[in-house]
Structures are given as C-alpha cells and as structure tokens.
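Enquirer: Dropping in coords10.txt, with compact mmCIF, C-alpha atoms and all ligand atoms.
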```txt
# COMPACT_ATOMS: atom_id res chain seq x y z
CA MET Z 1 118.83 61.23 71.78
CA LEU Z 2 116.54 61.57 68.83
CA VAL Z 3 112.95 62.05 69.92
CA ASP Z 4 110.26 61.40 67.32
CA LEU Z 5 106.64 61.86 68.31
CA ASP Z 6 104.50 58.85 67.38
CA TYR Z 7 101.95 59.13 64.51
CA PHE Z 8 101.96 62.76 65.43
CA PHE Z 9 99.00 64.51 63.74
CA ALA Z 10 96.75 61.51 64.42
CA GLN Z 11 97.92 61.18 68.02
CA CYS Z 12 97.02 64.85 68.57
CA GLU Z 13 93.54 64.10 67.28
CA GLU Z 14 93.28 61.16 69.70
CA LEU Z 15 94.39 63.44 72.51
CA ARG Z 16 91.40 65.73 72.11
CA ASN Z 17 89.05 62.90 71.36
CA PRO Z 18 90.10 59.69 73.18
CA ASN Z 19 87.18 57.78 71.64
CA LEU Z 20 89.24 57.67 68.45
CA LYS Z 21 91.97 55.52 69.97
CA THR Z 22 90.41 52.19 69.08
CA LYS Z 23 89.41 53.23 65.55
CA PRO Z 24 91.46 53.68 62.41
CA VAL Z 25 92.25 57.43 62.28
CA VAL Z 26 93.43 59.12 59.10
CA VAL Z 27 94.49 62.76 58.90
CA GLY Z 28 94.28 63.94 55.32
CA VAL Z 29 95.47 67.00 53.48
CA TYR Z 30 94.75 68.66 50.18
CA SER Z 31 97.89 68.02 48.19
CA GLY Z 32 96.60 69.40 44.92
CA ARG Z 33 93.75 71.24 43.25
CA THR Z 34 91.11 68.57 43.14
CA GLU Z 35 89.45 66.38 45.75
CA ASP Z 36 90.93 63.31 44.09
CA SER Z 37 94.48 64.37 44.81
CA ARG Z 38 94.04 64.41 48.56
CA ALA Z 39 96.63 62.26 50.34
CA VAL Z 40 97.08 60.80 53.78
CA SER Z 41 99.14 63.07 55.98
CA THR Z 42 99.43 60.42 58.65
CA ALA Z 43 97.38 57.63 60.20
CA ASN Z 44 97.29 56.02 63.62
CA TYR Z 45 98.70 52.54 64.07
CA VAL Z 46 95.24 50.95 63.92
CA ALA Z 47 94.87 52.30 60.37
CA ARG Z 48 98.45 51.37 59.48
CA ARG Z 49 97.62 47.71 60.14
CA PHE Z 50 95.42 47.96 57.05
CA GLY Z 51 98.21 49.43 54.94
CA VAL Z 52 97.29 53.08 55.32
CA ASN Z 53 100.45 55.20 55.54
CA SER Z 54 101.57 58.80 54.89
CA GLY Z 55 101.35 59.77 51.24
CA LEU Z 56 98.71 57.20 50.25
CA PRO Z 57 95.97 58.80 48.11
CA LEU Z 58 92.97 59.37 50.32
CA HIS Z 59 90.55 57.48 48.11
CA LEU Z 60 92.71 54.37 48.43
CA ALA Z 61 92.83 54.81 52.21
CA MET Z 62 89.04 55.00 52.23
CA LYS Z 63 88.87 51.82 50.19
CA LYS Z 64 91.24 49.95 52.51
CA LEU Z 65 89.29 51.06 55.59
CA ARG Z 66 85.79 50.54 54.25
CA ASN Z 67 83.34 49.20 56.90
CA LEU Z 68 85.92 49.56 59.67
CA ASP Z 69 84.41 52.59 61.39
CA ALA Z 70 87.42 54.66 60.31
CA VAL Z 71 87.61 58.39 61.04
CA PHE Z 72 88.97 60.85 58.44
CA LEU Z 73 90.01 64.29 59.63
CA PRO Z 74 91.45 67.42 58.02
CA VAL Z 75 94.87 68.76 59.07
CA ASP Z 76 94.69 71.23 61.96
CA PHE Z 77 98.30 72.30 61.97
CA LYS Z 78 97.83 75.15 64.43
CA TYR Z 79 96.64 72.73 67.08
CA TYR Z 80 99.43 70.20 66.41
CA LYS Z 81 102.00 72.99 66.54
CA GLN Z 82 100.71 74.07 69.94
CA ILE Z 83 101.19 70.57 71.33
CA SER Z 84 104.57 70.27 69.66
CA ASP Z 85 105.71 73.59 71.19
CA GLU Z 86 104.69 72.41 74.64
CA ILE Z 87 106.62 69.17 74.29
CA MET Z 88 109.68 70.81 72.74
CA PHE Z 89 109.79 73.39 75.51
CA PHE Z 90 109.77 70.59 78.03
CA LEU Z 91 112.40 68.48 76.21
CA ARG Z 92 114.71 71.45 75.96
CA SER Z 93 114.97 71.66 79.73
CA TYR Z 94 116.38 68.13 79.88
CA CYS Z 95 119.46 68.48 77.74
CA ASP Z 96 122.71 70.33 77.19
CA ILE Z 97 122.01 71.21 73.57
CA PHE Z 98 118.67 71.06 71.79
CA GLU Z 99 118.00 70.95 68.06
CA GLN Z 100 114.47 70.74 66.75
CA VAL Z 101 114.03 69.33 63.27
CA GLY Z 102 110.50 69.74 61.99
CA VAL Z 103 107.35 69.72 64.02
CA ASP Z 104 107.68 66.29 65.63
CA GLU Z 105 111.40 65.61 65.99
CA ALA Z 106 114.30 66.85 68.04
CA TYR Z 107 117.86 65.92 68.87
CA LEU Z 108 118.90 66.22 72.50
CA ASP Z 109 122.58 66.20 73.35
CA ILE Z 110 122.69 64.80 76.88
CA SER Z 111 126.41 63.86 76.93
CA LEU Z 112 127.35 66.20 79.76
CA LYS Z 113 124.16 65.67 81.68
CA VAL Z 114 124.72 61.91 81.93
CA LYS Z 115 128.53 62.17 81.90
CA GLY Z 116 128.66 59.98 78.80
CA ASN Z 117 127.06 57.06 80.63
CA PHE Z 118 124.51 55.17 78.52
CA LYS Z 119 122.78 53.53 81.49
CA THR Z 120 122.18 56.95 83.07
CA GLY Z 121 121.07 58.18 79.64
CA GLN Z 122 118.56 55.37 79.37
CA VAL Z 123 117.11 56.21 82.78
CA LEU Z 124 116.84 59.87 81.76
CA ALA Z 125 115.15 58.97 78.46
CA GLU Z 126 112.59 56.79 80.25
CA LYS Z 127 111.93 59.55 82.75
CA ILE Z 128 111.31 62.09 79.97
CA ARG Z 129 109.00 59.68 78.16
CA THR Z 130 106.98 59.05 81.30
CA GLU Z 131 106.72 62.74 82.16
CA VAL Z 132 105.61 63.85 78.71
CA LYS Z 133 103.01 61.10 78.65
CA LYS Z 134 101.72 62.14 82.06
CA LYS Z 135 101.86 65.91 81.53
CA ILE Z 136 100.87 66.23 77.88
CA GLY Z 137 99.52 62.81 76.98
CA ILE Z 138 101.67 62.18 73.92
CA SER Z 139 103.91 59.15 73.37
CA PHE Z 140 107.12 59.19 71.42
CA SER Z 141 110.00 57.00 70.37
CA VAL Z 142 113.60 57.58 71.30
CA GLY Z 143 116.89 56.49 69.82
CA LEU Z 144 119.81 56.85 72.20
CA ALA Z 145 123.21 56.47 70.56
CA PRO Z 146 126.71 57.98 70.31
CA ASN Z 147 125.73 60.29 67.44
CA LYS Z 148 122.79 61.79 65.55
CA LEU Z 149 122.84 59.39 62.63
CA VAL Z 150 122.66 56.24 64.75
CA ALA Z 151 120.14 57.84 67.15
CA LYS Z 152 117.85 58.61 64.20
CA ILE Z 153 118.00 55.06 62.85
CA ALA Z 154 117.59 53.63 66.38
CA SER Z 155 114.48 55.74 67.00
CA GLU Z 156 112.75 54.08 64.06
CA VAL Z 157 113.26 50.41 64.86
CA ASN Z 158 110.84 49.91 67.76
CA LYS Z 159 108.19 52.52 67.01
CA PRO Z 160 105.78 53.45 68.50
CA ASP Z 161 106.29 54.33 72.15
CA ASP Z 162 109.65 52.72 72.70
CA LEU Z 163 113.28 53.40 73.48
CA THR Z 164 116.20 51.87 71.60
CA VAL Z 165 119.68 52.20 73.01
CA VAL Z 166 122.79 51.59 70.89
CA GLU Z 167 125.98 51.74 72.90
CA PRO Z 168 129.22 52.68 71.11
CA GLY Z 169 130.53 49.10 71.01
CA ASN Z 170 127.35 47.85 69.31
CA VAL Z 171 126.96 50.46 66.56
CA THR Z 172 128.22 48.48 63.57
CA SER Z 173 126.51 45.22 64.54
CA PHE Z 174 123.29 47.14 65.20
CA LEU Z 175 123.36 48.77 61.76
CA ALA Z 176 124.58 45.77 59.77
CA THR Z 177 121.29 43.97 59.10
CA PHE Z 178 119.13 46.96 58.13
CA PRO Z 179 118.47 47.70 54.45
CA VAL Z 180 120.50 50.61 53.07
CA ILE Z 181 117.36 52.73 52.69
CA ARG Z 182 117.42 53.31 56.47
CA ILE Z 183 120.40 55.62 56.01
CA PRO Z 184 119.22 59.23 55.77
CA GLY Z 185 120.01 60.40 52.24
CA VAL Z 186 119.56 56.97 50.67
CA GLY Z 187 116.31 57.18 48.73
CA LYS Z 188 114.60 54.63 46.53
CA LYS Z 189 116.79 55.36 43.49
CA THR Z 190 120.07 55.19 45.40
CA ALA Z 191 118.97 51.99 47.12
CA GLU Z 192 118.18 50.41 43.73
CA LYS Z 193 121.54 51.44 42.38
CA MET Z 194 123.24 49.96 45.44
CA ASN Z 195 121.24 46.74 45.12
CA ILE Z 196 122.55 46.34 41.58
CA MET Z 197 126.05 46.65 43.07
CA SER Z 198 125.09 43.79 45.44
CA ILE Z 199 124.79 46.16 48.36
CA THR Z 200 121.50 45.47 50.13
CA THR Z 201 122.24 45.84 53.84
CA ILE Z 202 124.08 48.57 55.71
CA GLY Z 203 126.62 45.87 56.57
CA ASP Z 204 127.27 45.28 52.84
CA LEU Z 205 127.75 49.01 52.41
CA ALA Z 206 130.13 49.23 55.35
CA ARG Z 207 132.38 46.58 53.80
CA TYR Z 208 132.27 48.07 50.31
CA ASP Z 209 135.36 49.75 48.92
CA VAL Z 210 135.03 53.47 49.52
CA GLN Z 211 136.86 54.33 46.28
CA ARG Z 212 134.24 52.43 44.28
CA LEU Z 213 131.48 54.21 46.18
CA VAL Z 214 133.08 57.53 45.25
CA GLU Z 215 133.19 56.47 41.60
CA SER Z 216 129.49 55.59 41.64
CA PHE Z 217 128.05 58.36 43.84
CA GLY Z 218 130.58 61.19 43.73
CA ARG Z 219 133.12 62.19 46.35
CA ASN Z 220 130.77 63.73 48.94
CA MET Z 221 128.06 61.10 48.87
CA GLY Z 222 130.47 58.19 48.47
CA VAL Z 223 132.42 59.17 51.57
CA TYR Z 224 129.21 59.97 53.44
CA PHE Z 225 127.67 56.55 52.65
CA CYS Z 226 130.84 54.79 53.80
CA ASN Z 227 130.98 56.71 57.08
CA ALA Z 228 127.27 56.37 57.72
CA ALA Z 229 127.30 52.62 57.14
CA ASN Z 230 130.10 52.39 59.68
CA GLY Z 231 128.03 54.41 62.15
CA LYS Z 232 130.29 57.45 61.91
CA ASP Z 233 128.75 60.90 62.16
CA ALA Z 234 130.65 63.85 63.54
CA GLY Z 235 127.76 66.27 63.15
CA PRO Z 236 127.08 68.11 66.40
CA VAL Z 237 123.64 68.78 67.85
CA HIS Z 238 123.22 72.51 67.39
CA GLU Z 239 120.59 75.01 68.29
CA VAL Z 240 119.41 77.40 65.65
CA VAL Z 241 120.39 80.62 67.35
CA LYS Z 242 119.38 83.93 65.92
CA THR Z 243 122.14 86.42 66.60
CA GLU Z 244 119.72 89.30 66.36
CA SER Z 245 117.86 90.67 69.30
CA ILE Z 246 114.51 92.40 69.60
CA SER Z 247 114.50 95.79 71.26
CA ARG Z 248 112.28 98.85 71.71
CA THR Z 249 113.10 102.22 73.22
CA PHE Z 250 111.06 105.18 74.41
CA THR Z 251 111.93 108.78 75.31
CA MET Z 252 110.46 109.76 78.67
CA ARG Z 253 108.21 112.80 78.73
CA GLU Z 254 110.58 114.22 81.28
CA ASN Z 255 113.79 112.89 82.77
CA THR Z 256 112.99 110.67 85.71
CA ARG Z 257 114.22 108.09 88.16
CA ASP Z 258 110.77 107.14 89.42
CA LEU Z 259 110.51 103.34 89.22
CA ASN Z 260 106.75 103.27 88.66
CA VAL Z 261 106.87 105.80 85.85
CA LEU Z 262 109.66 103.83 84.19
CA LEU Z 263 107.84 100.51 84.63
CA ALA Z 264 104.68 101.92 83.08
CA GLU Z 265 106.69 102.72 79.94
CA THR Z 266 108.67 99.48 79.85
CA ASP Z 267 105.38 97.56 80.07
CA HIS Z 268 104.38 98.97 76.66
CA LEU Z 269 107.80 98.17 75.20
CA ILE Z 270 107.67 94.62 76.59
CA LEU Z 271 104.21 93.94 75.12
CA SER Z 272 105.38 95.03 71.70
CA ILE Z 273 108.58 92.95 71.95
CA HIS Z 274 106.64 89.93 73.12
CA LYS Z 275 104.24 90.15 70.19
CA ASP Z 276 107.18 90.23 67.81
CA LEU Z 277 108.69 87.25 69.63
CA LEU Z 278 105.57 85.09 69.29
CA ASN Z 279 105.09 86.03 65.64
CA ASN Z 280 108.58 84.78 64.88
CA ASN Z 281 108.46 81.61 66.99
CA PHE Z 282 111.44 82.80 69.01
CA ILE Z 283 112.29 82.09 72.59
CA PHE Z 284 114.81 84.21 74.49
CA LYS Z 285 117.41 83.60 77.13
CA ARG Z 286 118.68 87.08 77.90
CA VAL Z 287 116.79 90.20 78.96
CA GLY Z 288 118.34 93.66 79.10
CA ILE Z 289 117.54 97.29 79.70
CA ILE Z 290 119.16 100.26 77.97
CA MET Z 291 119.19 103.72 79.53
CA ILE Z 292 120.17 107.01 77.97
CA MET Z 293 120.86 109.22 80.96
CA ALA Z 294 120.15 112.92 81.45
CA ASP Z 295 123.79 113.63 80.54
CA LEU Z 296 123.29 111.56 77.33
CA SER Z 297 125.57 108.76 78.46
CA THR Z 298 124.33 105.21 77.74
CA ARG Z 299 124.06 102.43 80.30
CA ASN Z 300 123.13 98.78 79.81
CA LYS Z 301 122.17 96.08 82.20
CA SER Z 302 121.15 92.55 81.37
CA LYS Z 303 120.56 89.13 82.82
CA THR Z 304 120.78 85.63 81.33
CA LEU Z 305 118.04 83.27 82.43
CA SER Z 306 118.63 79.66 83.37
CA ILE Z 307 116.50 78.37 80.49
CA SER Z 308 115.11 79.82 77.28
CA SER Z 309 111.49 80.92 77.39
CA ASP Z 310 108.75 82.76 75.54
CA LYS Z 311 106.96 83.92 78.69
CA LEU Z 312 105.89 87.55 78.96
CA PHE Z 313 106.06 87.60 82.75
CA LEU Z 314 109.72 86.59 82.68
CA ILE Z 315 110.57 89.69 80.65
CA THR Z 316 108.47 91.89 82.96
CA LYS Z 317 109.97 90.40 86.10
CA THR Z 318 113.55 90.62 84.85
CA VAL Z 319 113.15 94.20 83.61
CA LYS Z 320 111.80 95.20 87.01
CA PHE Z 321 114.69 93.50 88.76
CA LEU Z 322 117.23 95.18 86.45
CA LEU Z 323 115.64 98.62 86.79
CA GLU Z 324 115.53 98.41 90.57
CA SER Z 325 119.15 97.40 90.81
CA PHE Z 326 120.15 100.07 88.29
CA LEU Z 327 118.34 102.82 90.18
CA SER Z 328 120.03 101.77 93.40
CA GLU Z 329 123.43 102.18 91.73
CA SER Z 330 122.97 105.41 89.80
CA LYS Z 331 121.91 108.87 90.89
CA LEU Z 332 121.30 110.35 87.42
CA LYS Z 333 117.85 110.77 85.89
CA ILE Z 334 116.88 108.65 82.88
CA ARG Z 335 116.01 110.38 79.62
CA ARG Z 336 115.34 107.43 77.37
CA ILE Z 337 114.58 103.81 78.31
CA GLY Z 338 114.85 100.64 76.26
CA VAL Z 339 114.18 96.91 76.65
CA LYS Z 340 115.99 94.22 74.72
CA ILE Z 341 115.71 90.45 74.58
CA SER Z 342 118.51 88.44 73.03
CA GLN Z 343 120.02 84.96 72.64
CA LEU Z 344 116.99 84.18 70.54
CA ILE Z 345 116.27 80.72 69.27
CA ILE Z 346 113.67 79.64 66.73
CA THR Z 347 111.51 76.98 68.28
CA TYR Z 348 110.25 75.58 65.01
CA HIS Z 349 111.84 75.40 61.62
CA LYS Z 350 110.84 73.19 58.73
N1 LIG W 1 103.48 64.33 57.49
C1 LIG W 1 102.73 64.72 56.39
N2 LIG W 1 102.92 64.10 55.16
C2 LIG W 1 103.86 63.12 55.02
C3 LIG W 1 104.64 62.73 56.15
C4 LIG W 1 104.41 63.35 57.38
O1 LIG W 1 101.89 65.60 56.50
N3 LIG W 1 104.05 62.53 53.83
C5 LIG W 1 103.21 64.96 58.80
C6 LIG W 1 102.18 64.15 59.57
C7 LIG W 1 102.98 63.42 60.62
C8 LIG W 1 104.15 64.36 60.86
O2 LIG W 1 104.37 65.03 59.61
O3 LIG W 1 102.23 63.16 61.78
C9 LIG W 1 105.40 63.67 61.33
O4 LIG W 1 105.86 62.78 60.34
P1 LIG W 1 106.54 61.39 60.68
O5 LIG W 1 107.23 60.93 59.46
O6 LIG W 1 107.35 61.48 61.93
O7 LIG W 1 105.31 60.39 60.90
P2 LIG W 1 104.33 60.21 62.11
O8 LIG W 1 104.73 61.00 63.29
O9 LIG W 1 102.95 60.46 61.62
O10 LIG W 1 104.44 58.66 62.42
P3 LIG W 1 105.60 57.84 63.16
O11 LIG W 1 104.92 57.22 64.35
O12 LIG W 1 106.01 56.81 62.16
O13 LIG W 1 106.68 58.79 63.51
CA CA W 2 106.80 60.94 64.16
CA CA W 3 109.34 62.59 62.32
```
Go ahead and express the file in the form of structure tokens.
Ligand code: DCP
Ligand code: CA
Ligand code: CA
Expert:
Amino acid sequence: MLVDLDYFFAQCEELRNPNLKTKPVVVGVYSGRTEDSRAVSTANYVARRFGVNSGLPLHLAMKKLRNLDAVFLPVDFKYYKQISDEIMFFLRSYCDIFEQVGVDEAYLDISLKVKGNFKTGQVLAEKIRTEVKKKIGISFSVGLAPNKLVAKIASEVNKPDDLTVVEPGNVTSFLATFPVIRIPGVGKKTAEKMNIMSITTIGDLARYDVQRLVESFGRNMGVYFCNAANGKDAGPVHEVVKTESISRTFTMRENTRDLNVLLAETDHLILSIHKDLLNNNFIFKRVGIIMIMADLSTRNKSKTLSISSDKLFLITKTVKFLLESFLSESKLKIRRIGVKISQLIITYHK
C-alpha cells in the first residue's frame, strides 16, 4: 500500500479550524528573499477548483481567489509534523514492513498480513482509512498493488479520500492509458522527449523497443522506463533502520543490589536517552540493561518489544522488568549500571 495524506498542510489547518473546510485554503511559504517570490505550498481542494496548486506564485493564487473568501496561511511545519507522526505511528502497527517517504507518504508492505490476498488487503486498507479518520481526523488516499511503483501511481488516480486497488492481472491494462509523466522519474523534459518519439501513454512506452529506449535515455533509465511501463518493480519496502543504539551508563556510589537505588539511577539515564531519541526522530524496539558487577564482569539483559515506540514509560517499565529479573538470578552486587535502546528507526526523513 502507498498511503498519501490528502492536501496535507491545508488539511491540518482545517483540522484545527473546521470553519475553513468550505473555503478555499492556501498554505504559503517564503521560497525566496522577497515577498513577491512566495509560492503556494499546498491548497485544499476547494482552492484547487480555481486552479491553485502547489508551486503557484502566491500573488497569482490571490488573484485567482479574489472575492472568494479565501484563507491564506503560513506554513506551520512543527504542527503538521506532529500530526504526521501520530498517523505514521498508527500506520506502522498495521503492516509487516513500514517505509516512510517524506512527511505525508508511506509504503506499507502488508503481504504477509493479508496472505497475499487483495480482497483481504482492500478490507484492511478501508479499515485503516476509517480508523485514522475517526481517531485523528485526517483523510488519505491509498494505492494497493503488487509493488511500490504501481501502488504509488494507483494512489494518485482517485484522490482525495479514496482507495484504488490494482490486482496483479490488471497491472498493465491499468497503467496503459496514463500519460508517461505519471511514472516516477519521468519529468517534463523526459516526457517531451518521449512524445517526440511518439510515446505519449505508458502503454506506448511498454510496447517500445527497450534497446531504442537505452539508446535515447542511457542503460539505467532505458531499462527502468521499460520495466516501469510494464508495471515491474522489484524494489522492496524497507525501513530505515539505524544500526546504532543510544546508551548511558553510571557508576554507583557504592556497589549495590538494591532495586530502588538502581532504579533511581536508571531513571536519570532513561531521561537523557529519551531526550536524545526525540531530538533525532528515532523510535526504538529493543531495550536493554548493562551491568558491570562487583567482580568487574559484564552482564547484559534486553527485551524486544512487539512494536516500535518513542514512549518514555516503555523504557522505564522494561528496564524495571529487566532489573528485577536480573536481580532474582544473580547474587553479586552491581558496580556500574547502563541502559541501552536499540533497533532504532528514523520516523521521518526527507
Ligand atoms: N509541499 C510543498 N511544496 C510543494 C509540494 C508539496 O510545500 N511544491 C508540501 C505541502 C503538501 C505536502 O508537501 O501538503 C505533501 O505534498 P503532496 O505532493 O502530497 O501534496 P498534498 O498532500 O498537498 O496534496 P495531495 O492531496 O495531492 O496529496
Ligand atoms: Ca499528499
Ligand atoms: Ca505526497
């Protein structure tokens, strides 16, 4: 599944001010040094009906929406990011593999979850859409397809607030009638060049001789265009996993095996780790404790959680659980204590 949040910045603005819903809403950003170079970041679908889209210079947007009670707002990225994080956290729990791309898009590999069945997948997609709408109040569009490329294209055809399913047997017929520019990586220039070669639709491109595509666009792009037009994409959905971990250690004032004394120290370590975690937009899946014992031997204990999280209490709770079980197993006093979180994932990357 490719999930793409609808008119995202503007929808966030509508969320905190529902009165905006019936009006044209334009979120604008300073793109340069002067007022005149401000451009539209995004607009709601009411504004889009008047030809106001992302990238349009703001003064033109104002002209198009004159006397229409339009609302122009500055970009409040921090707020949009908060809403995005909430949604992404929720989406993640519904799939086998999760890959966020940008602030308002994510790929969800649900192959195992639905056992490869597209009907079950469709039901799951509808359920997720309903839940996010109910819980967070944001609508989004979904493309459900055998691979990322087709899912991405499918997500765009019935926007906003819709689900498009392309089953494996329908991939080539689904793609055939769209203009080539729908293929990720085909920009205006490439599309023009293809048009000159009498390639206007993805179907034309699919039938075109791959050798001639290679001659015109180079080996990599030529082969890519041919595969893409035929709906082939072997790229897996992958999480961006940081191999590093975050850890802190502390030497006890005196060797101890008193749980409360140890917890008082780990609380400080956990707070510092958690701050680091939030600053880096990480979430973690594994929590561990490290003990240097009175005899200078080192012991480790850790636990993998069922889902990734950024919650402080989950670290605290898991550390307590690990410490308790460690103390019940070992008779030695602890000299130095450490806390470590690992299996880190970045929740947002541009
Ligand atoms: N964005 C931006 N400037 C652009 C394009 C986008 O600042 N030129 C920001 C604002 C968008 C967000 O990125 O809300 C997501 O971009 P999309 O291309 O997904 O567009 P929208 O979510 O706004 O609309 P759609 O409903 O078409 O997905
Ligand atoms: Ca979007
Ligand atoms: Ca998007």
Enquirer: Excluding Glu324 of chain Z and any residue of its chain fewer than 5 positions from it, enumerate the residues within 9 Å of it, using only C-alpha atoms, and give them as a short mmCIF file (atom, residue, chain, number, x, y, z; two decimals) with C-alpha atoms, in the coordinates of the input.
Expert:
```cif
data_model
loop_
_atom_site.label_atom_id
_atom_site.label_comp_id
_atom_site.auth_asym_id
_atom_site.auth_seq_id
_atom_site.Cartn_x
_atom_site.Cartn_y
_atom_site.Cartn_z
CA LEU Z 259 110.51 103.34 89.22
CA VAL Z 319 113.15 94.20 83.61
CA GLU Z 329 123.43 102.18 91.73
#
```
Enquirer: Set the distance at 10 Å and use all atoms listed in the file: which residues neighbour segment 16-23 of chain Z once local chain neighbours fewer than 5 positions away are removed? I'd like the list as a list in words.
Expert: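 Result of the neighbour search: Ala10, Gln11, Asn44, Tyr45, Val46, Ala47, Leu68, Asp69, Ala70, Val71 and Gly137 of chain Z.
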Enquirer: Neighbours of ligand CA 2 (chain W) at 10 Å or closer, counting all atoms listed in the file: which residues, as a PyMOL selection string?
Expert: chain Z and resi 3-9+11+42+102-105+139-141+155-156+159-160
Enquirer: For a quick check of understanding, using all atoms listed in the file, which of Z:Val171, Z:Pro24, Z:Val123, Z:Leu56 has the smallest distance to Arg38 of chain Z?
Expert: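 Closest to Arg38 of chain Z, using all atoms listed in the file: Z:Leu56.
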Enquirer: With a distance cut-off of 10 Å and only C-alpha atoms, select the neighbouring residues of Ile138 of chain Z, excluding the residue or stretch itself and same-chain residues fewer than 4 positions from it, and output the selection as a ChimeraX atom specification.
Expert: /Z:5-8,11-12,14-15,83-84,87,129-134,161
Enquirer: For Ile97 of chain Z, which residue out of Z:Ile270, Z:Ala61, Z:Val210, Z:Met1 is the nearest one, using all atoms listed in the file?
Expert: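 Of Z:Ile270, Z:Ala61, Z:Val210, Z:Met1, the one nearest Ile97 of chain Z, counting all atoms listed in the file, is Z:Met1.
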Enquirer: Report, in Å to a single decimal, how far apart atom CA of Phe90 of chain Z and atom CA of Ser41 of chain Z are.
Expert: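 Calculated distance between atom CA of Ser41 of chain Z and atom CA of Phe90 of chain Z is 25.6 Å.
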Enquirer: Which neighbours of Ser297 of chain Z fall inside 12 Å, counting all atoms listed in the file, when residues of the same chain fewer than 2 positions from it are skipped, and could you give them as a ChimeraX atom specification?
Expert: /Z:290-295,299-300,332-336
Enquirer: With only C-alpha atoms as the basis for distance, which of Z:Thr201, Z:Ser325, Z:Ser247, Z:Thr190 is at the shortest distance from Asp276 of chain Z?
Expert: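 Counting only C-alpha atoms, the residue closest to Asp276 of chain Z is Z:Ser247.
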Enquirer: Out of Z:Met221, Z:Leu2, Z:Val339, Z:Ile110, which residue has the shortest atom-to-atom distance to Ile153 of chain Z when counting all atoms listed in the file?
Expert: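 Among Z:Met221, Z:Leu2, Z:Val339, Z:Ile110, it is Z:Leu2 that comes nearest to Ile153 of chain Z.
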Enquirer: What's the separation between atom CA of Lys148 of chain Z and atom CA of Ala176 of chain Z, in Å to one decimal place?
Expert: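 Interatomic distance, atom CA of Lys148 of chain Z to atom CA of Ala176 of chain Z: 17.1 Å.
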Enquirer: Suppose you want the space between atom CA of Asn230 of chain Z and atom O13 of ligand LIG 1 (chain W); what is it in Å?
Expert: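 If I compute the distance from atom CA of Asn230 of chain Z to atom O13 of ligand LIG 1 (chain W), I get 24.6 Å.
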Enquirer: Between Z:Thr172, Z:Ser272, Z:Ser308, Z:Ser54, single out the one closest to Pro146 of chain Z, counting all atoms listed in the file.
Expert: Z:Thr172
Enquirer: Which one is closest to Asp109 of chain Z: Z:Met88, Z:Val27, Z:Val237, Z:Ile289? Count only C-alpha atoms.
Expert: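 The closest residue to Asp109 of chain Z is Z:Val237.
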Enquirer: Env of Leu305 of chain Z: 9 Å cut, atoms = all atoms listed in the file, seq-sep filter 4 positions within chain, self excluded. Answer as an NGL selection string.
Expert: :Z and (284-287 or 309 or 314 or 318)
Enquirer: Dump C-alpha atoms for the selected residues as a compact mmCIF listing (two decimals), in the frame of the given file?
Expert:
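Contents of again06.txt, freshly written:
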```txt
# COMPACT_ATOMS: atom_id res chain seq x y z
CA PHE Z 284 114.81 84.21 74.49
CA LYS Z 285 117.41 83.60 77.13
CA ARG Z 286 118.68 87.08 77.90
CA VAL Z 287 116.79 90.20 78.96
CA SER Z 309 111.49 80.92 77.39
CA LEU Z 314 109.72 86.59 82.68
CA THR Z 318 113.55 90.62 84.85
```
Enquirer: For ligand LIG 1 (chain W), I'd like the enclosing box, axis-aligned and padded by 4 Å on every side, reported as JSON with centre and edge lengths in Å to one decimal.
Expert:
```
{"center_x": 104.6, "center_y": 61.2, "center_z": 59.1, "size_x": 13.5, "size_y": 16.8, "size_z": 18.5}
```
Enquirer: Would you fill out segment 95-100 of chain Z with all heavy atoms and return it as a short mmCIF file (atom, residue, chain, number, x, y, z; two decimals), in the coordinates of the input?
Expert:
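Below is the file rebuild02.cif, written as the result:
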```cif
data_model
loop_
_atom_site.label_atom_id
_atom_site.label_comp_id
_atom_site.auth_asym_id
_atom_site.auth_seq_id
_atom_site.Cartn_x
_atom_site.Cartn_y
_atom_site.Cartn_z
N CYS Z 95 118.22 68.81 78.44
CA CYS Z 95 119.46 68.48 77.74
C CYS Z 95 120.45 69.63 77.74
O CYS Z 95 120.14 70.74 78.13
CB CYS Z 95 119.14 68.03 76.31
SG CYS Z 95 118.28 69.25 75.33
N ASP Z 96 121.66 69.31 77.28
CA ASP Z 96 122.71 70.33 77.19
C ASP Z 96 122.49 71.18 75.93
O ASP Z 96 122.59 72.39 75.96
CB ASP Z 96 124.09 69.68 77.11
CG ASP Z 96 124.28 68.62 78.20
OD1 ASP Z 96 123.88 68.90 79.34
OD2 ASP Z 96 124.82 67.54 77.90
N ILE Z 97 122.23 70.50 74.84
CA ILE Z 97 122.01 71.21 73.57
C ILE Z 97 120.76 70.61 72.92
O ILE Z 97 120.57 69.40 72.94
CB ILE Z 97 123.20 71.07 72.60
CG1 ILE Z 97 124.53 71.36 73.32
CG2 ILE Z 97 123.03 72.00 71.40
CD1 ILE Z 97 125.75 71.01 72.50
N PHE Z 98 119.95 71.49 72.34
CA PHE Z 98 118.67 71.06 71.79
C PHE Z 98 118.56 71.51 70.34
O PHE Z 98 118.84 72.65 70.02
CB PHE Z 98 117.56 71.72 72.61
CG PHE Z 98 116.18 71.34 72.19
CD1 PHE Z 98 115.62 70.14 72.59
CD2 PHE Z 98 115.42 72.19 71.40
CE1 PHE Z 98 114.33 69.80 72.21
CE2 PHE Z 98 114.14 71.85 71.01
CZ PHE Z 98 113.58 70.65 71.43
N GLU Z 99 118.16 70.59 69.48
CA GLU Z 99 118.00 70.95 68.06
C GLU Z 99 116.69 70.36 67.55
O GLU Z 99 116.55 69.15 67.40
CB GLU Z 99 119.16 70.39 67.24
CG GLU Z 99 119.04 70.66 65.75
CD GLU Z 99 120.18 70.05 64.94
OE1 GLU Z 99 121.14 69.50 65.53
OE2 GLU Z 99 120.11 70.11 63.70
N GLN Z 100 115.75 71.23 67.28
CA GLN Z 100 114.47 70.74 66.75
C GLN Z 100 114.56 70.61 65.25
O GLN Z 100 115.09 71.49 64.57
CB GLN Z 100 113.35 71.72 67.13
CG GLN Z 100 111.99 71.15 66.81
CD GLN Z 100 110.84 72.02 67.27
OE1 GLN Z 100 111.03 72.90 68.10
NE2 GLN Z 100 109.67 71.79 66.72
#
```
